[in-house]
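Next comes target.txt, with compact mmCIF, C-alpha atoms.
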# COMPACT_ATOMS: atom_id res chain seq x y z
CA MET A 152 -78.45 -60.70 54.01
CA LEU A 153 -76.43 -61.66 50.90
CA ILE A 154 -73.27 -62.66 52.78
CA PRO A 155 -73.06 -64.71 56.01
CA THR A 156 -71.26 -62.91 58.84
CA GLY A 157 -67.50 -63.45 58.71
CA GLU A 158 -67.51 -64.98 55.22
CA SER A 159 -66.57 -63.73 51.77
CA ARG A 160 -68.88 -65.83 49.64
CA PRO A 161 -72.56 -65.26 48.96
CA ARG A 162 -75.26 -67.31 50.64
CA ARG A 163 -76.34 -70.48 48.88
CA TRP A 164 -79.66 -69.00 47.71
CA VAL A 165 -77.78 -66.16 46.00
CA ARG A 166 -75.50 -68.66 44.22
CA TRP A 167 -78.45 -70.82 43.14
CA PHE A 168 -81.21 -68.33 42.34
CA VAL A 169 -79.59 -64.93 41.66
CA THR A 170 -76.21 -65.53 40.02
CA PRO A 171 -77.35 -67.76 37.11
CA PHE A 172 -80.05 -65.29 36.04
CA TYR A 173 -78.41 -62.00 36.91
CA TYR A 174 -75.16 -62.87 35.12
CA PRO A 175 -75.86 -64.69 31.86
CA ARG A 176 -72.84 -66.32 30.24
CA GLY A 177 -71.72 -65.86 26.65
CA LYS A 178 -72.67 -68.48 24.08
CA GLY A 179 -70.61 -71.64 24.54
CA ALA A 180 -69.07 -70.46 27.84
CA VAL A 181 -68.36 -73.21 30.38
CA VAL A 182 -68.03 -73.05 34.15
CA ARG A 183 -66.88 -76.42 35.49
CA TYR A 184 -68.83 -78.02 38.33
CA TYR A 185 -66.18 -77.49 41.03
CA ALA A 186 -65.45 -73.86 40.13
CA ARG A 187 -66.44 -71.35 42.82
CA LEU A 188 -68.25 -68.25 41.59
CA ASP A 189 -68.50 -65.80 44.48
CA VAL A 190 -70.35 -63.18 42.43
CA PHE A 191 -72.60 -60.59 43.98
CA PRO A 192 -75.34 -58.52 42.33
CA PHE A 193 -73.82 -55.19 43.43
CA ASN A 194 -70.76 -55.46 41.09
CA LYS A 195 -70.45 -56.55 37.47
CA PHE A 196 -69.46 -60.03 36.33
CA SER A 197 -69.36 -61.21 32.74
CA LEU A 198 -68.01 -64.31 31.05
CA GLY A 199 -67.54 -64.02 27.29
CA SER A 200 -68.54 -66.55 24.68
CA LYS A 201 -66.49 -69.74 24.37
CA SER A 202 -64.60 -68.95 27.60
CA ILE A 203 -64.00 -71.60 30.24
CA ILE A 204 -63.50 -71.53 34.00
CA GLU A 205 -61.86 -74.77 35.10
CA ASP A 206 -62.46 -76.75 38.30
CA PHE A 207 -61.32 -75.33 41.66
CA ALA A 208 -61.00 -71.79 40.26
CA THR A 209 -62.47 -68.99 42.39
CA ILE A 210 -63.93 -65.82 40.91
CA ASN A 211 -64.92 -63.04 43.35
CA ASN A 212 -66.46 -59.70 42.39
CA GLY A 213 -67.19 -58.63 45.97
CA VAL A 214 -64.86 -55.61 45.86
CA GLY A 215 -64.81 -54.88 42.12
CA ASP A 216 -66.08 -55.88 38.70
CA VAL A 217 -64.74 -59.03 37.02
CA ILE A 218 -65.00 -58.91 33.22
CA ILE A 219 -63.70 -61.92 31.26
CA GLY A 220 -63.61 -61.62 27.46
CA ASN A 221 -64.33 -64.14 24.71
CA ASN A 222 -62.31 -67.34 24.20
CA CYS A 223 -60.50 -67.06 27.55
CA GLY A 224 -59.21 -70.01 29.57
CA ILE A 225 -59.17 -69.69 33.35
CA GLY A 226 -57.01 -72.59 34.54
CA ILE A 227 -57.39 -75.04 37.40
CA SER A 228 -57.14 -73.47 40.88
CA ASN A 229 -56.93 -69.85 39.68
CA VAL A 230 -58.12 -67.07 42.00
CA ILE A 231 -59.47 -63.88 40.46
CA ILE A 232 -60.57 -61.07 42.78
CA GLY A 233 -61.88 -57.87 41.17
CA PRO A 234 -61.56 -55.30 39.89
CA VAL A 235 -60.18 -57.25 36.92
CA THR A 236 -60.80 -56.80 33.19
CA MET A 237 -59.55 -59.39 30.70
CA GLY A 238 -59.58 -59.05 26.94
CA ASN A 239 -60.17 -61.83 24.43
CA TYR A 240 -58.06 -64.98 24.05
CA VAL A 241 -56.41 -64.63 27.45
CA MET A 242 -54.88 -67.91 28.59
CA LEU A 243 -54.21 -68.55 32.27
CA ALA A 244 -52.36 -71.70 33.34
CA GLN A 245 -52.79 -73.29 36.81
CA ASN A 246 -52.61 -71.79 40.34
CA ILE A 247 -52.57 -68.12 39.32
CA VAL A 248 -53.68 -65.35 41.68
CA ILE A 249 -54.98 -62.13 40.11
CA SER A 250 -56.15 -59.77 42.84
CA GLY A 251 -57.10 -56.11 42.62
CA LEU A 252 -57.54 -56.11 46.41
CA ASN A 253 -55.12 -55.12 49.17
CA HIS A 254 -55.77 -54.93 52.91
CA GLY A 255 -54.74 -51.80 54.76
CA TYR A 256 -51.98 -52.15 57.35
CA GLU A 257 -51.08 -48.56 58.21
CA ASP A 258 -52.88 -48.43 61.59
CA VAL A 259 -50.71 -50.58 63.90
CA THR A 260 -53.40 -50.57 66.61
CA LEU A 261 -55.68 -52.67 64.38
CA PRO A 262 -55.08 -56.04 62.73
CA PRO A 263 -54.91 -55.82 58.93
CA ARG A 264 -58.02 -58.03 58.67
CA VAL A 265 -60.26 -55.27 60.08
CA GLN A 266 -58.66 -52.32 58.27
CA LYS A 267 -60.09 -50.74 55.14
CA VAL A 268 -59.44 -52.57 51.87
CA VAL A 269 -57.89 -50.78 48.93
CA THR A 270 -58.63 -51.77 45.34
CA LYS A 271 -56.85 -50.92 42.11
CA PRO A 272 -58.01 -52.29 38.75
CA ILE A 273 -56.03 -54.92 36.87
CA ILE A 274 -56.26 -54.84 33.08
CA ILE A 275 -55.13 -57.78 30.96
CA HIS A 276 -55.29 -57.05 27.22
CA ASP A 277 -56.01 -59.49 24.36
CA ASN A 278 -53.90 -62.58 23.56
CA VAL A 279 -52.00 -62.69 26.87
CA TRP A 280 -50.58 -65.95 28.20
CA ILE A 281 -49.78 -66.19 31.91
CA GLY A 282 -47.80 -69.24 33.05
CA ALA A 283 -48.50 -71.42 36.09
CA ASN A 284 -48.09 -70.18 39.68
CA CYS A 285 -47.98 -66.46 38.85
CA VAL A 286 -49.24 -63.57 40.97
CA VAL A 287 -50.62 -60.38 39.43
CA THR A 288 -50.83 -57.54 41.97
CA ALA A 289 -53.34 -54.68 42.15
CA GLY A 290 -53.08 -51.82 39.67
CA VAL A 291 -51.13 -53.69 36.98
CA THR A 292 -51.77 -53.53 33.23
CA ILE A 293 -50.50 -56.32 30.98
CA GLY A 294 -50.26 -55.31 27.32
CA LYS A 295 -51.52 -57.14 24.24
CA HIS A 296 -49.80 -60.44 23.37
CA ALA A 297 -47.55 -60.36 26.44
CA ILE A 298 -46.20 -63.65 27.78
CA ILE A 299 -45.59 -64.06 31.53
CA GLY A 300 -43.25 -66.90 32.56
CA ALA A 301 -44.27 -69.45 35.16
CA GLY A 302 -43.79 -68.44 38.79
CA SER A 303 -43.53 -64.72 38.06
CA VAL A 304 -44.82 -61.95 40.32
CA ILE A 305 -46.14 -59.03 38.30
CA THR A 306 -45.86 -55.84 40.38
CA LYS A 307 -45.73 -53.24 37.59
CA ASP A 308 -47.09 -52.79 34.07
CA ILE A 309 -45.86 -55.14 31.35
CA PRO A 310 -45.80 -53.70 27.80
CA GLY A 311 -47.44 -55.47 24.89
CA TYR A 312 -45.53 -57.93 22.71
CA SER A 313 -43.01 -58.76 25.42
CA VAL A 314 -41.94 -61.71 27.55
CA ALA A 315 -41.59 -61.09 31.29
CA VAL A 316 -40.26 -63.44 33.98
CA GLY A 317 -39.09 -63.38 37.59
CA ASN A 318 -39.93 -61.98 41.00
CA PRO A 319 -40.54 -59.14 40.47
CA ALA A 320 -41.21 -59.76 36.79
CA ARG A 321 -39.02 -57.96 34.30
CA VAL A 322 -39.09 -57.91 30.51
CA ILE A 323 -36.48 -60.20 28.93
CA LYS A 324 -37.71 -60.21 25.30
CA ARG A 325 -39.63 -57.92 22.98
CA TYR A 326 -41.12 -58.58 19.57
CA ASN A 327 -39.45 -56.52 16.84
CA PHE A 328 -41.95 -55.78 14.07
CA THR A 329 -39.24 -54.73 11.58
CA THR A 330 -37.36 -58.05 11.82
CA ASN A 331 -40.46 -60.11 12.71
CA CYS A 332 -38.73 -61.94 15.55
CA TRP A 333 -38.40 -61.92 19.34
CA GLU A 334 -35.27 -60.16 20.57
CA LYS A 335 -33.61 -59.95 23.98
CA ALA A 336 -34.43 -56.76 25.86

Kindly transcribe the structure held in the file into structure tokens.
Amino acid sequence: MLIPTGESRPRRWVRWFVTPFYYPRGKGAVVRYYARLDVFPFNKFSLGSKSIIEDFATINNGVGDVIIGNNCGIGISNVIIGPVTMGNYVMLAQNIVISGLNHGYEDVTLPPRVQKVVTKPIIIHDNVWIGANCVVTAGVTIGKHAIIGAGSVITKDIPGYSVAVGNPARVIKRYNFTTNCWEKA
């Protein structure tokens, strides 16, 4: 009743009459007009104060909670599929995919579309900056104040205070607290 057959977004009445009241936004939070919030009442969704979801971004909590902290920027055309937890001051550039969802493929007698989905939580800590066109795969944790270079594919955990780039992403710099500067890894 909440979802039309064969679709992944809630019915219009859910988007208009349930979502705005069931999921209040933090003070000063902004969701642009063309952003798509596919949020359902059976999983958690929260948007912290002074956070912004830009136009053409899609947020979906159909398979897991989506928690966005305070002062976060969700860039143009981002896709976030739960379970995802973001800390405060997370900055996402454009065209980023963060998905805690994977389709099963093990049974070769069935197409992947009809096989069971598998979810693993993604955790993005405070003060993280993720560059444009990145992909963050299920089960990844990105540490505090990590920087992810544009076009990177994050397939494993990234430690805090590091810079990671590439496909798959690897750490190229770390912040040294004794010398107070970024050093090559």

(request) Find the residues around stretch 237-246 of chain A up to 6 Å (all atoms listed in the file counted), leave out those fewer than 5 positions away in its own chain, and share them as a PyMOL selection string. (result) chain A and resi 219-229+275-284

(request) Report the distance between atom CA of A:Ile293 and atom CA of A:Arg321 in Å, rounded to one decimal place. (result) 12.1 Å

Residues at most 7 Å from A:Pro234, counting all atoms listed in the file, excluding those fewer than 6 positions away in the same chain, as a PDB file with C-alpha atoms, in the coordinates of the input?
ATOM      1  CA  VAL A 214     -64.860 -55.610  45.860  1.00  0.00           C
ATOM      2  CA  GLY A 215     -64.810 -54.880  42.120  1.00  0.00           C
ATOM      3  CA  ASP A 216     -66.080 -55.880  38.700  1.00  0.00           C
ATOM      4  CA  VAL A 217     -64.740 -59.030  37.020  1.00  0.00           C
ATOM      5  CA  GLY A 251     -57.100 -56.110  42.620  1.00  0.00           C
ATOM      6  CA  LYS A 271     -56.850 -50.920  42.110  1.00  0.00           C
ATOM      7  CA  PRO A 272     -58.010 -52.290  38.750  1.00  0.00           C
ATOM      8  CA  ILE A 273     -56.030 -54.920  36.870  1.00  0.00           C
TER       9      ILE A 273
END

(request) Extract, using all atoms listed in the file, all DNA, RNA and protein residues at most 10 Å from A:Ala336, discarding same-chain residues fewer than 6 positions from it, and format them as a list in words. (result) Ser313, Val314, Ala315, Arg321, Val322, Ile323, Lys324, Arg325 and Tyr326 of chain A

(message) As an exercise, work out the distance from atom CA of A:Cys285 to atom CA of A:Val269 in Å and give it to one decimal place.
(response)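 Computed distance, atom CA of A:Cys285 to atom CA of A:Val269, equals 21.1 Å.
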
(message) For a test of reading the model, state the distance in Å between atom CA of A:Thr330 and atom CA of A:Ile299, rounded to one decimal.
(response)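 Atom-to-atom, atom CA of A:Thr330 to atom CA of A:Ile299, that is 22.2 Å.
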
(request) Mind checking which residues fall within 9 Å of A:Asn253, counting all atoms listed in the file, ignoring those fewer than 6 positions away in the same chain, and posting them as a VMD selection string? (result) chain A and resid 267 to 271 288 to 289

Write the residues of the selection above to a file with C-alpha atoms, as a PDB file, in the frame of the given file.
ATOM      1  CA  LYS A 267     -60.090 -50.740  55.140  1.00  0.00           C
ATOM      2  CA  VAL A 268     -59.440 -52.570  51.870  1.00  0.00           C
ATOM      3  CA  VAL A 269     -57.890 -50.780  48.930  1.00  0.00           C
ATOM      4  CA  THR A 270     -58.630 -51.770  45.340  1.00  0.00           C
ATOM      5  CA  LYS A 271     -56.850 -50.920  42.110  1.00  0.00           C
ATOM      6  CA  THR A 288     -50.830 -57.540  41.970  1.00  0.00           C
ATOM      7  CA  ALA A 289     -53.340 -54.680  42.150  1.00  0.00           C
TER       8      ALA A 289
END
